[in-house]
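File shown: final-v1.tsv. Contents: TSV, C-alpha atoms and all ligand atoms.
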chain	number	residue	atom	x	y	z
A	848	MET	CA	68.28	-164.59	-163.59
A	849	GLU	CA	66.57	-167.09	-161.30
A	850	GLU	CA	65.05	-165.57	-158.19
A	851	TRP	CA	67.30	-167.44	-155.77
A	852	LYS	CA	70.38	-166.11	-157.52
A	853	GLN	CA	69.02	-162.59	-157.30
A	854	GLN	CA	68.43	-163.17	-153.62
A	855	LEU	CA	72.07	-164.15	-153.13
A	856	GLN	CA	73.30	-161.27	-155.24
A	857	ASN	CA	71.26	-158.80	-153.21
A	858	SER	CA	72.25	-160.33	-149.90
A	859	ILE	CA	71.62	-158.00	-146.95
A	860	ASN	CA	75.20	-157.64	-145.78
A	861	THR	CA	75.87	-153.90	-145.60
A	862	LEU	CA	74.67	-151.37	-143.08
A	863	ASP	CA	72.95	-149.33	-145.81
A	864	ARG	CA	70.95	-152.27	-147.09
A	865	LEU	CA	70.06	-153.25	-143.54
A	866	LYS	CA	68.87	-149.72	-142.77
A	867	SER	CA	66.46	-149.90	-145.68
A	868	ILE	CA	64.73	-152.81	-143.94
A	869	ILE	CA	64.89	-152.22	-140.18
A	870	ASN	CA	65.64	-149.49	-137.67
A	871	VAL	CA	69.16	-150.48	-136.67
A	872	THR	CA	69.98	-149.85	-133.00
A	873	PRO	CA	73.25	-148.14	-131.99
A	874	GLU	CA	74.44	-151.45	-130.41
A	875	GLU	CA	73.78	-153.37	-133.62
A	876	GLU	CA	75.52	-150.70	-135.64
A	877	LYS	CA	78.52	-150.80	-133.33
A	878	ALA	CA	78.83	-154.59	-133.65
A	879	ILE	CA	78.56	-154.41	-137.44
A	880	THR	CA	81.14	-151.66	-137.78
A	881	THR	CA	83.65	-152.78	-135.14
A	882	LEU	CA	83.64	-156.58	-134.99
A	883	GLY	CA	84.71	-157.07	-138.59
A	884	THR	CA	82.80	-160.36	-138.68
A	885	LYS	CA	81.14	-161.79	-141.76
A	886	TRP	CA	77.36	-161.41	-141.57
A	887	GLY	CA	74.38	-161.29	-143.89
A	888	THR	CA	71.24	-162.97	-145.07
A	889	SER	CA	68.86	-163.13	-148.02
A	890	PRO	CA	66.41	-160.24	-148.59
A	891	TYR	CA	63.66	-162.84	-148.11
A	892	PHE	CA	64.84	-163.86	-144.63
A	893	ALA	CA	65.61	-160.23	-143.75
A	894	SER	CA	62.01	-159.33	-144.60
A	895	LEU	CA	60.89	-161.54	-141.70
A	896	MET	CA	62.78	-159.38	-139.19
A	897	ASP	CA	60.87	-157.05	-136.89
A	898	ARG	CA	61.56	-153.47	-137.93
A	899	ASP	CA	61.83	-152.12	-134.38
A	900	ASP	CA	62.48	-154.94	-131.95
A	901	PRO	CA	66.18	-155.81	-131.48
A	902	ASN	CA	65.11	-158.95	-129.60
A	903	CYS	CA	63.32	-160.27	-132.68
A	904	PRO	CA	64.35	-163.95	-132.94
A	905	ILE	CA	65.32	-163.52	-136.59
A	906	ARG	CA	67.29	-160.36	-135.98
A	907	ARG	CA	69.25	-162.09	-133.22
A	908	GLN	CA	70.21	-164.96	-135.53
A	909	VAL	CA	71.27	-162.61	-138.33
A	910	LEU	CA	72.87	-159.51	-136.81
A	911	PRO	CA	76.26	-159.46	-135.05
A	912	SER	CA	76.24	-158.52	-131.38
A	913	MET	CA	78.95	-157.11	-129.11
A	914	ALA	CA	78.28	-160.14	-126.89
A	915	GLU	CA	80.28	-162.17	-129.45
A	916	LYS	CA	83.45	-160.64	-128.00
A	917	VAL	CA	82.81	-162.43	-124.70
A	918	ASN	CA	84.21	-165.93	-124.53
A	919	GLN	CA	84.11	-167.35	-121.04
A	920	TYR	CA	82.95	-170.87	-121.83
A	921	GLY	CA	83.82	-171.36	-125.48
A	922	ILE	CA	86.58	-173.80	-126.51
A	923	ASP	CA	89.40	-172.35	-128.64
A	924	ASP	CA	90.05	-174.13	-131.94
A	925	TYR	CA	86.69	-175.70	-131.35
A	926	LEU	CA	86.13	-177.19	-134.78
A	927	ILE	CA	89.53	-178.88	-134.94
A	928	TRP	CA	88.73	-180.64	-131.68
A	929	LYS	CA	85.06	-181.30	-132.40
A	930	GLU	CA	85.58	-182.81	-135.85
A	931	ASN	CA	88.66	-184.84	-134.88
A	932	ARG	CA	90.71	-183.04	-137.46
A	933	GLU	CA	94.05	-184.21	-136.07
A	934	ASP	CA	93.41	-187.51	-137.88
A	935	VAL	CA	94.69	-187.82	-141.43
A	936	ARG	CA	91.77	-187.25	-143.74
A	937	PRO	CA	90.83	-184.72	-146.41
A	938	ASP	CA	89.74	-181.41	-144.90
A	939	SER	CA	86.28	-181.89	-146.39
A	940	ILE	CA	85.59	-185.09	-144.44
A	941	ALA	CA	84.57	-184.94	-140.75
A	942	ARG	CA	84.28	-188.31	-139.08
A	943	GLN	CA	82.86	-189.39	-135.76
A	944	TYR	CA	81.20	-192.67	-136.65
A	945	ARG	CA	82.22	-195.85	-138.42
A	946	ASP	CA	79.49	-195.94	-141.07
A	947	ARG	CA	78.93	-192.26	-141.91
A	948	VAL	CA	80.74	-188.98	-142.45
A	949	ALA	CA	79.99	-185.31	-142.92
A	950	PHE	CA	81.26	-184.03	-146.27
A	951	THR	CA	81.82	-180.26	-146.34
A	952	VAL	CA	81.52	-179.00	-149.91
A	953	THR	CA	81.45	-175.21	-149.40
A	954	GLN	CA	81.97	-172.64	-146.68
A	955	VAL	CA	79.49	-170.19	-148.19
A	956	CYS	CA	76.10	-169.76	-146.48
A	957	VAL	CA	72.90	-167.90	-147.28
A	958	ASN	CA	72.56	-166.76	-143.69
A	959	TYR	CA	75.58	-166.36	-141.45
A	960	CYS	CA	73.94	-167.58	-138.26
A	961	ARG	CA	75.36	-165.86	-135.20
A	962	HIS	CA	75.14	-169.09	-133.17
A	963	CYS	CA	76.92	-171.24	-135.79
A	964	PHE	CA	79.21	-173.88	-134.24
A	965	ARG	CA	81.31	-173.75	-137.40
A	966	LYS	CA	81.81	-170.04	-136.80
A	967	GLU	CA	85.60	-170.24	-136.99
A	968	LEU	CA	85.35	-171.66	-140.49
A	969	VAL	CA	82.18	-170.17	-141.90
A	970	VAL	CA	81.79	-166.79	-140.21
A	971	ASP	CA	85.18	-165.69	-138.89
A	972	GLY	CA	87.31	-167.39	-141.53
A	973	ASP	CA	90.06	-167.97	-138.90
A	974	LEU	CA	90.18	-171.58	-139.87
A	975	GLN	CA	91.24	-172.32	-143.43
A	976	LEU	CA	90.22	-175.67	-144.82
A	977	ARG	CA	90.58	-177.04	-148.31
A	978	MET	CA	87.08	-177.96	-149.48
A	979	ASP	CA	88.19	-180.13	-152.35
A	980	VAL	CA	85.21	-182.13	-153.58
A	981	GLU	CA	87.32	-184.54	-155.67
A	982	GLU	CA	89.56	-185.34	-152.73
A	983	GLY	CA	86.51	-186.02	-150.55
A	984	LEU	CA	84.89	-188.22	-153.19
A	985	ALA	CA	88.12	-190.24	-153.57
A	986	TRP	CA	88.30	-190.77	-149.79
A	987	ILE	CA	84.68	-191.98	-149.66
A	988	ARG	CA	85.32	-194.30	-152.61
A	989	GLU	CA	88.24	-195.89	-150.76
A	990	HIS	CA	86.38	-196.33	-147.47
A	991	LYS	CA	83.96	-199.16	-148.07
A	992	GLU	CA	82.56	-199.04	-144.54
A	993	ILE	CA	80.87	-195.69	-145.27
A	994	ARG	CA	77.16	-196.18	-145.99
A	995	ASP	CA	75.88	-192.70	-145.47
A	996	VAL	CA	77.28	-189.33	-146.56
A	997	LEU	CA	75.98	-186.13	-145.05
A	998	ILE	CA	76.68	-183.25	-147.44
A	999	THR	CA	77.08	-180.08	-145.49
A	1000	GLY	CA	78.84	-176.71	-145.41
A	1001	GLY	CA	78.39	-173.87	-145.25
A	1002	ASP	CA	75.20	-174.47	-147.12
A	1003	PRO	CA	75.46	-176.95	-150.02
A	1004	PHE	CA	72.33	-175.47	-151.64
A	1005	VAL	CA	74.22	-172.27	-152.50
A	1006	LEU	CA	75.98	-174.39	-155.13
A	1007	SER	CA	74.74	-174.35	-158.71
A	1008	ASP	CA	72.36	-177.02	-160.01
A	1009	GLU	CA	75.25	-178.43	-162.06
A	1010	LYS	CA	77.52	-178.79	-159.05
A	1011	ILE	CA	74.79	-180.39	-156.91
A	1012	GLU	CA	73.93	-182.78	-159.73
A	1013	TYR	CA	77.61	-183.68	-160.12
A	1014	ILE	CA	78.13	-184.43	-156.42
A	1015	ILE	CA	74.99	-186.58	-156.25
A	1016	ARG	CA	75.91	-188.45	-159.45
A	1017	LYS	CA	79.47	-189.14	-158.29
A	1018	LEU	CA	78.31	-190.32	-154.87
A	1019	ARG	CA	75.70	-192.60	-156.42
A	1020	GLU	CA	78.41	-194.25	-158.51
A	1021	ILE	CA	79.94	-195.49	-155.27
A	1022	ASN	CA	78.53	-198.94	-154.65
A	1023	HIS	CA	78.84	-199.05	-150.90
A	1024	LEU	CA	76.76	-195.89	-150.34
A	1025	GLU	CA	73.21	-196.50	-149.19
A	1026	MET	CA	72.02	-192.95	-148.59
A	1027	ILE	CA	72.88	-189.32	-149.20
A	1028	ARG	CA	71.87	-186.53	-146.87
A	1029	PHE	CA	71.97	-182.78	-147.27
A	1030	GLY	CA	72.14	-180.39	-144.35
A	1031	THR	CA	70.82	-177.06	-145.68
A	1032	ARG	CA	69.01	-174.04	-144.29
A	1033	ALA	CA	67.71	-173.24	-147.79
A	1034	PRO	CA	64.07	-174.27	-147.15
A	1035	ILE	CA	64.08	-171.69	-144.30
A	1036	VAL	CA	66.39	-168.88	-145.41
A	1037	LEU	CA	66.08	-169.20	-149.20
A	1038	PRO	CA	62.99	-171.26	-150.15
A	1039	GLN	CA	63.28	-169.85	-153.69
A	1040	ARG	CA	66.25	-172.23	-154.09
A	1041	ILE	CA	63.89	-175.19	-154.58
A	1042	THR	CA	63.35	-174.52	-158.29
A	1043	SER	CA	61.92	-176.82	-160.93
A	1044	GLY	CA	65.48	-177.22	-162.23
A	1045	LEU	CA	66.68	-178.47	-158.86
A	1046	GLN	CA	63.58	-180.66	-158.57
A	1047	LYS	CA	64.51	-182.37	-161.84
A	1048	ILE	CA	67.92	-183.23	-160.40
A	1049	LEU	CA	66.52	-184.48	-157.11
A	1050	GLU	CA	63.46	-186.40	-158.25
A	1051	VAL	CA	65.28	-189.14	-160.15
A	1052	TYR	CA	64.37	-192.54	-158.73
A	1053	HIS	CA	67.50	-194.30	-157.54
A	1054	ARG	CA	68.71	-197.09	-155.29
A	1055	VAL	CA	70.40	-194.44	-153.11
A	1056	PRO	CA	67.79	-192.12	-151.57
A	1057	ILE	CA	68.30	-188.49	-150.62
A	1058	TRP	CA	67.26	-187.06	-147.25
A	1059	ILE	CA	67.32	-183.41	-146.24
A	1060	ASN	CA	67.66	-181.85	-142.83
A	1061	THR	CA	67.15	-178.14	-142.45
A	1062	GLN	CA	67.49	-175.81	-139.48
A	1063	CYS	CA	64.57	-173.81	-138.17
A	1064	ASN	CA	64.73	-172.36	-134.68
A	1065	HIS	CA	61.64	-170.18	-134.30
A	1066	PRO	CA	58.06	-170.33	-135.63
A	1067	LYS	CA	58.52	-166.89	-137.25
A	1068	GLU	CA	60.92	-168.51	-139.73
A	1069	ILE	CA	58.12	-170.60	-141.25
A	1070	THR	CA	56.09	-169.02	-144.07
A	1071	ASP	CA	53.88	-170.08	-146.98
A	1072	GLN	CA	57.04	-170.12	-149.07
A	1073	THR	CA	58.63	-172.58	-146.64
A	1074	ALA	CA	55.59	-174.81	-146.96
A	1075	GLU	CA	55.78	-174.71	-150.75
A	1076	ALA	CA	59.52	-175.47	-150.83
A	1077	VAL	CA	59.09	-178.44	-148.50
A	1078	PHE	CA	56.17	-179.79	-150.53
A	1079	LYS	CA	58.28	-179.60	-153.69
A	1080	LEU	CA	61.05	-181.58	-152.00
A	1081	LEU	CA	58.56	-184.19	-150.80
A	1082	LYS	CA	57.27	-184.50	-154.36
A	1083	CYS	CA	60.82	-185.45	-155.29
A	1084	GLY	CA	60.68	-188.27	-152.75
A	1085	ILE	CA	62.78	-186.41	-150.22
A	1086	ASN	CA	61.90	-186.32	-146.54
A	1087	VAL	CA	62.63	-183.06	-144.81
A	1088	GLY	CA	63.66	-183.07	-141.16
A	1089	ASN	CA	64.59	-180.28	-138.78
A	1090	GLN	CA	67.64	-179.81	-136.63
A	1091	ALA	CA	66.85	-176.97	-134.25
A	1092	VAL	CA	69.41	-175.34	-132.01
A	1093	LEU	CA	68.34	-174.50	-128.48
A	1094	LEU	CA	68.90	-170.75	-128.23
A	1095	LYS	CA	68.55	-168.65	-125.09
A	1096	GLY	CA	65.91	-165.96	-125.44
A	1097	ILE	CA	64.86	-167.29	-128.85
A	1098	ASN	CA	63.24	-170.68	-128.40
A	1099	ASP	CA	63.87	-171.68	-124.77
A	1100	ASP	CA	60.37	-170.95	-123.45
A	1101	ILE	CA	57.55	-173.48	-123.43
A	1102	GLU	CA	55.16	-171.57	-125.67
A	1103	THR	CA	57.63	-170.78	-128.45
A	1104	PHE	CA	59.12	-174.26	-128.31
A	1105	LYS	CA	55.73	-175.93	-128.69
A	1106	GLU	CA	54.61	-173.57	-131.44
A	1107	LEU	CA	57.87	-174.17	-133.33
A	1108	HIS	CA	57.42	-177.94	-133.36
A	1109	GLN	CA	53.73	-177.85	-134.18
A	1110	LYS	CA	54.29	-175.36	-136.97
A	1111	LEU	CA	57.07	-177.50	-138.46
A	1112	LEU	CA	54.59	-180.36	-138.80
A	1113	ARG	CA	52.02	-178.02	-140.35
A	1114	VAL	CA	54.48	-177.49	-143.22
A	1115	ARG	CA	55.42	-181.20	-143.31
A	1116	ILE	CA	58.85	-180.88	-141.69
A	1117	ARG	CA	59.54	-183.68	-139.23
A	1118	PRO	CA	61.50	-182.59	-136.12
A	1119	TYR	CA	64.67	-184.71	-135.95
A	1120	TYR	CA	67.18	-183.23	-133.51
A	1121	LEU	CA	67.23	-180.49	-130.93
A	1122	PHE	CA	70.88	-179.54	-130.46
A	1123	TYR	CA	72.36	-178.06	-127.36
A	1124	CYS	CA	74.14	-174.87	-128.49
A	1125	GLU	CA	77.79	-175.90	-128.78
A	1126	PRO	CA	80.72	-174.27	-126.95
A	1127	ALA	CA	82.23	-172.64	-130.02
A	1128	PRO	CA	83.96	-169.37	-129.19
A	1129	GLY	CA	81.88	-166.18	-128.90
A	1130	ILE	CA	78.40	-167.67	-128.59
A	1131	ASP	CA	78.08	-167.89	-124.79
A	1132	HIS	CA	75.09	-165.55	-124.92
A	1133	PHE	CA	73.03	-168.14	-126.81
A	1134	ARG	CA	73.64	-171.00	-124.40
A	1135	THR	CA	71.21	-172.29	-121.75
A	1136	PRO	CA	71.88	-174.84	-119.00
A	1137	VAL	CA	72.24	-178.33	-120.52
A	1138	GLU	CA	69.07	-179.67	-118.84
A	1139	LYS	CA	66.90	-177.02	-120.53
A	1140	GLY	CA	66.28	-178.92	-123.78
A	1141	ALA	CA	65.08	-182.06	-122.04
A	1142	GLU	CA	62.82	-180.01	-119.78
A	1143	LEU	CA	61.26	-178.25	-122.77
A	1144	ILE	CA	60.53	-181.55	-124.49
A	1145	ARG	CA	58.99	-182.80	-121.23
A	1146	ASP	CA	56.95	-179.66	-120.54
A	1147	ALA	CA	55.95	-178.58	-124.06
A	1148	ILE	CA	55.92	-181.64	-126.31
A	1149	ARG	CA	55.73	-185.15	-124.86
A	1150	GLY	CA	52.03	-185.93	-124.30
A	1151	HIS	CA	51.11	-182.27	-124.76
A	1152	THR	CA	51.07	-182.73	-128.52
A	1153	THR	CA	51.69	-185.47	-131.06
A	1154	GLY	CA	54.82	-187.59	-130.73
A	1155	LEU	CA	55.63	-186.68	-134.34
A	1156	ALA	CA	56.53	-183.21	-133.02
A	1157	GLN	CA	59.21	-184.55	-130.69
A	1158	PRO	CA	62.84	-184.14	-131.68
A	1159	MET	CA	65.62	-186.05	-129.98
A	1160	TYR	CA	67.64	-183.81	-127.69
A	1161	VAL	CA	71.38	-184.24	-128.18
A	1162	ILE	CA	74.74	-182.68	-127.48
A	1163	ALA	CA	76.92	-182.93	-130.58
A	1164	THR	CA	80.37	-183.75	-129.19
A	1165	ASN	CA	83.72	-184.82	-130.64
A	1166	ILE	CA	82.76	-188.44	-130.00
A	1167	GLY	CA	79.36	-188.18	-131.66
A	1168	LYS	CA	75.92	-187.04	-130.64
A	1169	ILE	CA	74.93	-187.88	-127.10
A	1170	PRO	CA	71.19	-188.12	-126.34
A	1171	LEU	CA	70.10	-186.28	-123.23
A	1172	MET	CA	66.62	-187.38	-122.23
A	1173	PRO	CA	66.37	-188.43	-118.60
A	1174	ASP	CA	63.55	-190.83	-117.85
A	1175	TYR	CA	60.98	-188.59	-116.24
A	1176	TYR	CA	58.25	-191.20	-116.43
A	1177	ILE	CA	59.29	-194.11	-114.19
A	1178	CYS	CA	58.39	-193.10	-110.62
A	1179	GLU	CA	59.10	-196.42	-109.01
A	1180	LYS	CA	60.15	-199.91	-109.90
A	1181	ASN	CA	60.16	-203.10	-107.84
A	1182	GLU	CA	60.31	-206.81	-108.63
A	1183	LYS	CA	56.61	-206.91	-109.33
A	1184	GLU	CA	55.78	-203.68	-111.07
A	1185	TYR	CA	56.59	-200.23	-112.34
A	1186	THR	CA	54.76	-197.09	-111.33
A	1187	LEU	CA	54.58	-194.86	-114.40
A	1188	LYS	CA	53.65	-191.20	-114.62
A	1189	ASN	CA	52.15	-189.47	-117.65
A	1190	TYR	CA	52.65	-185.89	-118.84
A	1191	GLU	CA	49.88	-184.67	-116.51
A	1192	GLY	CA	51.43	-186.32	-113.47
A	1193	ILE	CA	48.80	-189.09	-113.33
A	1194	THR	CA	50.24	-192.47	-112.36
A	1195	THR	CA	49.50	-196.00	-113.47
A	1196	ARG	CA	50.99	-199.46	-112.80
A	1197	TRP	CA	52.60	-201.83	-115.18
A	1198	PRO	CA	53.78	-205.40	-114.55
A	1199	ASN	CA	57.53	-205.99	-114.39
A	1200	ILE	CA	58.33	-209.17	-116.31
A	1201	PRO	CA	61.50	-210.93	-115.19
A	1202	GLU	CA	64.07	-211.78	-117.89
B	1301	LIG	C1	75.90	-185.25	-137.05
B	1301	LIG	C2	76.93	-186.01	-137.73
B	1301	LIG	C3	76.61	-187.17	-138.44
B	1301	LIG	C4	75.19	-187.68	-138.59
B	1301	LIG	O1	74.65	-188.13	-137.39
B	1301	LIG	P1	73.19	-188.78	-137.38
B	1301	LIG	O2	72.94	-189.05	-135.93
B	1301	LIG	O3	73.28	-190.03	-138.20
B	1301	LIG	O4	72.24	-187.80	-137.98
B	1301	LIG	C5	77.63	-187.85	-139.04
B	1301	LIG	N1	78.91	-187.44	-138.96
B	1301	LIG	C6	79.25	-186.32	-138.28
B	1301	LIG	C7	80.68	-185.93	-138.22
B	1301	LIG	C8	78.28	-185.57	-137.64
B	1301	LIG	O5	78.61	-184.47	-136.98
B	1302	LIG	S1	73.67	-172.14	-142.28
B	1302	LIG	FE1	74.70	-173.64	-140.95
B	1302	LIG	S2	76.88	-173.50	-141.46
B	1302	LIG	FE2	75.89	-171.64	-142.25
B	1302	LIG	S3	76.11	-170.14	-140.61
B	1302	LIG	FE3	74.12	-171.11	-140.33
B	1302	LIG	S4	74.51	-172.79	-138.85
B	1302	LIG	FE4	76.52	-172.14	-139.71
How does the structure come out when it is put into structure tokens?
Ligand SMILES: *Cc1c(COP(=O)(O)O)cnc(C)c1O
Ligand code: SF4
Amino acid sequence: MEEWKQQLQNSINTLDRLKSIINVTPEEEKAITTLGTKWGTSPYFASLMDRDDPNCPIRRQVLPSMAEKVNQYGIDDYLIWKENREDVRPDSIARQYRDRVAFTVTQVCVNYCRHCFRKELVVDGDLQLRMDVEEGLAWIREHKEIRDVLITGGDPFVLSDEKIEYIIRKLREINHLEMIRFGTRAPIVLPQRITSGLQKILEVYHRVPIWINTQCNHPKEITDQTAEAVFKLLKCGINVGNQAVLLKGINDDIETFKELHQKLLRVRIRPYYLFYCEPAPGIDHFRTPVEKGAELIRDAIRGHTTGLAQPMYVIATNIGKIPLMPDYYICEKNEKEYTLKNYEGITTRWPNIPE
């Protein structure tokens, strides 16, 4: 059996298996035994957890917490609202834009992230959707204005090579498609998934390119195996971007935030988005003030390190992603000139050209 399949089969999703890897605290044990929530991760990702520290950034993303019972700010039926699901469309198609859609092909994940905004669907299973691939493909075929399909989940890379190949082939038969994207945490939580078999499927030269975005939230999640998986994807002609989630106590300090983005570049992952943690129910404890993400980019990234390390900070809303970067750099503007400030607070002048 291929290693990635063994990883999935031996998923760390029982208290006994967990106890063989870390010293489980009474609080963690209580959440696991009383919340009745789906949880679990690959043995590989579990091996990155700190044995003794319950505040370990990986532990906090993997293990249920009693804090999930609190829901002061979360929106009920969040996903229905967020993905505009009142409109008539197959369950597998989420639409917020004219030219692109998210196509959900599975609700299975490698890692059941505690901060997941699709929690109701993926983790809690309160929301039942019909993930019918054929129905989704037919809808995309009929909608000629769609240029770009973002294949998501769950995690689409839990699907077999055959299924992935089939979805790509069927999408590429649709003439109006110009690109295919995958959103998958596999390079981070299951790098073994990038096998030579999958490479063969992905590396085919085609008019319609494939892009991948993964999700990495803390530098501890990046290993030599991550680097190797990303390099294999790049060899297939696939760019790998990152969509980090801003998580309180995990990556919301300057040092961690900078190290995360520099380390992503060291393994050839290009930061794409930084998402504000969404108001899905039961994840209040992960959320920071909205301004925090912009401040971190200002204080840790812009000017402090290469611009390649800078993600765009956005809130993903029901009407699309809204960028949230105030202009910190224009101090003054008059008819003649601007006064501009750099990351160190040094100012300079720049002529203002009338229209
Ligand atoms: C995020 C998202 C997209 C893709 O947005 P980009 O800004 O192009 O990356 C498309 N459709 C939906 C429903 C989304 O949530
Ligand atoms: S991999 Fe994505 S969909 Fe799955 S639990 Fe994590 S954030 Fe949610």
Within 7 Å of A:Val1005 using only C-alpha atoms, minus same-chain residues under 3 positions, as an MDAnalysis selection string: chainID A and resid 956:957 1002
Write out as JSON, numbers by chain each polymer residue whose atoms come within 9 Å of A:Ala914, counting all atoms listed in the file; drop sequence neighbours fewer than 2 positions from it. {"A": [878, 911, 912, 916, 917, 918, 1129, 1130, 1131, 1132]}
What does the list of residues within 9 Å of ligand LIG 1302 (chain B) look like if you count all atoms listed in the file, written as a PyMOL selection string? chain A and resi 886+908+954-966+968-970+999-1002+1030-1033+1036+1061-1062+1092
Pull C-alpha atoms from the residues just selected and write them as a PDB file, keeping the file's coordinate frame.
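Contents of selection_1.pdb, freshly written:
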ATOM      1  CA  TRP A 886      77.360-161.410-141.570  1.00  0.00           C
ATOM      2  CA  GLN A 908      70.210-164.960-135.530  1.00  0.00           C
ATOM      3  CA  GLN A 954      81.970-172.640-146.680  1.00  0.00           C
ATOM      4  CA  VAL A 955      79.490-170.190-148.190  1.00  0.00           C
ATOM      5  CA  CYS A 956      76.100-169.760-146.480  1.00  0.00           C
ATOM      6  CA  VAL A 957      72.900-167.900-147.280  1.00  0.00           C
ATOM      7  CA  ASN A 958      72.560-166.760-143.690  1.00  0.00           C
ATOM      8  CA  TYR A 959      75.580-166.360-141.450  1.00  0.00           C
ATOM      9  CA  CYS A 960      73.940-167.580-138.260  1.00  0.00           C
ATOM     10  CA  ARG A 961      75.360-165.860-135.200  1.00  0.00           C
ATOM     11  CA  HIS A 962      75.140-169.090-133.170  1.00  0.00           C
ATOM     12  CA  CYS A 963      76.920-171.240-135.790  1.00  0.00           C
ATOM     13  CA  PHE A 964      79.210-173.880-134.240  1.00  0.00           C
ATOM     14  CA  ARG A 965      81.310-173.750-137.400  1.00  0.00           C
ATOM     15  CA  LYS A 966      81.810-170.040-136.800  1.00  0.00           C
ATOM     16  CA  LEU A 968      85.350-171.660-140.490  1.00  0.00           C
ATOM     17  CA  VAL A 969      82.180-170.170-141.900  1.00  0.00           C
ATOM     18  CA  VAL A 970      81.790-166.790-140.210  1.00  0.00           C
ATOM     19  CA  THR A 999      77.080-180.080-145.490  1.00  0.00           C
ATOM     20  CA  GLY A1000      78.840-176.710-145.410  1.00  0.00           C
ATOM     21  CA  GLY A1001      78.390-173.870-145.250  1.00  0.00           C
ATOM     22  CA  ASP A1002      75.200-174.470-147.120  1.00  0.00           C
ATOM     23  CA  GLY A1030      72.140-180.390-144.350  1.00  0.00           C
ATOM     24  CA  THR A1031      70.820-177.060-145.680  1.00  0.00           C
ATOM     25  CA  ARG A1032      69.010-174.040-144.290  1.00  0.00           C
ATOM     26  CA  ALA A1033      67.710-173.240-147.790  1.00  0.00           C
ATOM     27  CA  VAL A1036      66.390-168.880-145.410  1.00  0.00           C
ATOM     28  CA  THR A1061      67.150-178.140-142.450  1.00  0.00           C
ATOM     29  CA  GLN A1062      67.490-175.810-139.480  1.00  0.00           C
ATOM     30  CA  VAL A1092      69.410-175.340-132.010  1.00  0.00           C
TER      31      VAL A1092
END
Taking all atoms listed in the file into account, which residues are within 10 Å of ligand LIG 1301 (chain B), as a VMD selection string? chain A and resid 929 to 931 940 to 951 995 to 999 1028 1030 1060 1090 1119 to 1120 1159 1161 to 1170
Deliver the residues from the most recent selection as a file, using C-alpha atoms, as a short mmCIF file (atom, residue, chain, number, x, y, z; two decimals), in the coordinates of the input.
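Output saved as again_36.cif:
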data_model
loop_
_atom_site.label_atom_id
_atom_site.label_comp_id
_atom_site.auth_asym_id
_atom_site.auth_seq_id
_atom_site.Cartn_x
_atom_site.Cartn_y
_atom_site.Cartn_z
CA LYS A 929 85.06 -181.30 -132.40
CA GLU A 930 85.58 -182.81 -135.85
CA ASN A 931 88.66 -184.84 -134.88
CA ILE A 940 85.59 -185.09 -144.44
CA ALA A 941 84.57 -184.94 -140.75
CA ARG A 942 84.28 -188.31 -139.08
CA GLN A 943 82.86 -189.39 -135.76
CA TYR A 944 81.20 -192.67 -136.65
CA ARG A 945 82.22 -195.85 -138.42
CA ASP A 946 79.49 -195.94 -141.07
CA ARG A 947 78.93 -192.26 -141.91
CA VAL A 948 80.74 -188.98 -142.45
CA ALA A 949 79.99 -185.31 -142.92
CA PHE A 950 81.26 -184.03 -146.27
CA THR A 951 81.82 -180.26 -146.34
CA ASP A 995 75.88 -192.70 -145.47
CA VAL A 996 77.28 -189.33 -146.56
CA LEU A 997 75.98 -186.13 -145.05
CA ILE A 998 76.68 -183.25 -147.44
CA THR A 999 77.08 -180.08 -145.49
CA ARG A 1028 71.87 -186.53 -146.87
CA GLY A 1030 72.14 -180.39 -144.35
CA ASN A 1060 67.66 -181.85 -142.83
CA GLN A 1090 67.64 -179.81 -136.63
CA TYR A 1119 64.67 -184.71 -135.95
CA TYR A 1120 67.18 -183.23 -133.51
CA MET A 1159 65.62 -186.05 -129.98
CA VAL A 1161 71.38 -184.24 -128.18
CA ILE A 1162 74.74 -182.68 -127.48
CA ALA A 1163 76.92 -182.93 -130.58
CA THR A 1164 80.37 -183.75 -129.19
CA ASN A 1165 83.72 -184.82 -130.64
CA ILE A 1166 82.76 -188.44 -130.00
CA GLY A 1167 79.36 -188.18 -131.66
CA LYS A 1168 75.92 -187.04 -130.64
CA ILE A 1169 74.93 -187.88 -127.10
CA PRO A 1170 71.19 -188.12 -126.34
#
Shell of 10 Å around A:Phe1078, all atoms listed in the file, local chain residues under 6 positions omitted, as a PyMOL selection string: chain A and resi 1041+1072+1084-1087+1114-1116
Nearest residue to A:Gln1157 from the set A:Tyr1013, A:Phe1104, A:Tyr1176, A:Tyr891 (distances using all atoms listed in the file): A:Phe1104
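Minimum atom-to-atom distances from A:Glu850, A:Glu1184, A:Glu1075, A:Asp1099 to A:Ser889 were compared using all atoms listed in the file, and the lowest value belongs to A:Glu850.
From atom CA of A:Lys1010 back to atom CA of A:Arg988, the distance works out to 18.5 Å.
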Atom CA of A:Ser858 and atom CA of A:Asp938 are how many Å apart?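 Separation between atom CA of A:Ser858 and atom CA of A:Asp938: 27.8 Å.
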Point-to-point distance in Å for atom CA of A:Cys1063 and atom CA of A:Glu915: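 Taking atom CA of A:Glu915 and atom CA of A:Cys1063, their separation equals 21.4 Å.
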Spatial neighbours of A:Glu876, max dist 10 Å, all atoms listed in the file, sep filter under 5 positions, as a PyMOL selection string: chain A and resi 862+865-866+871+881+910-913
Produce a file of the selected residues containing C-alpha atoms, as a CSV table (one decimal), in the coordinates of the input.
chain,number,residue,atom,x,y,z
A,862,LEU,CA,74.7,-151.4,-143.1
A,865,LEU,CA,70.1,-153.2,-143.5
A,866,LYS,CA,68.9,-149.7,-142.8
A,871,VAL,CA,69.2,-150.5,-136.7
A,881,THR,CA,83.6,-152.8,-135.1
A,910,LEU,CA,72.9,-159.5,-136.8
A,911,PRO,CA,76.3,-159.5,-135.0
A,912,SER,CA,76.2,-158.5,-131.4
A,913,MET,CA,79.0,-157.1,-129.1
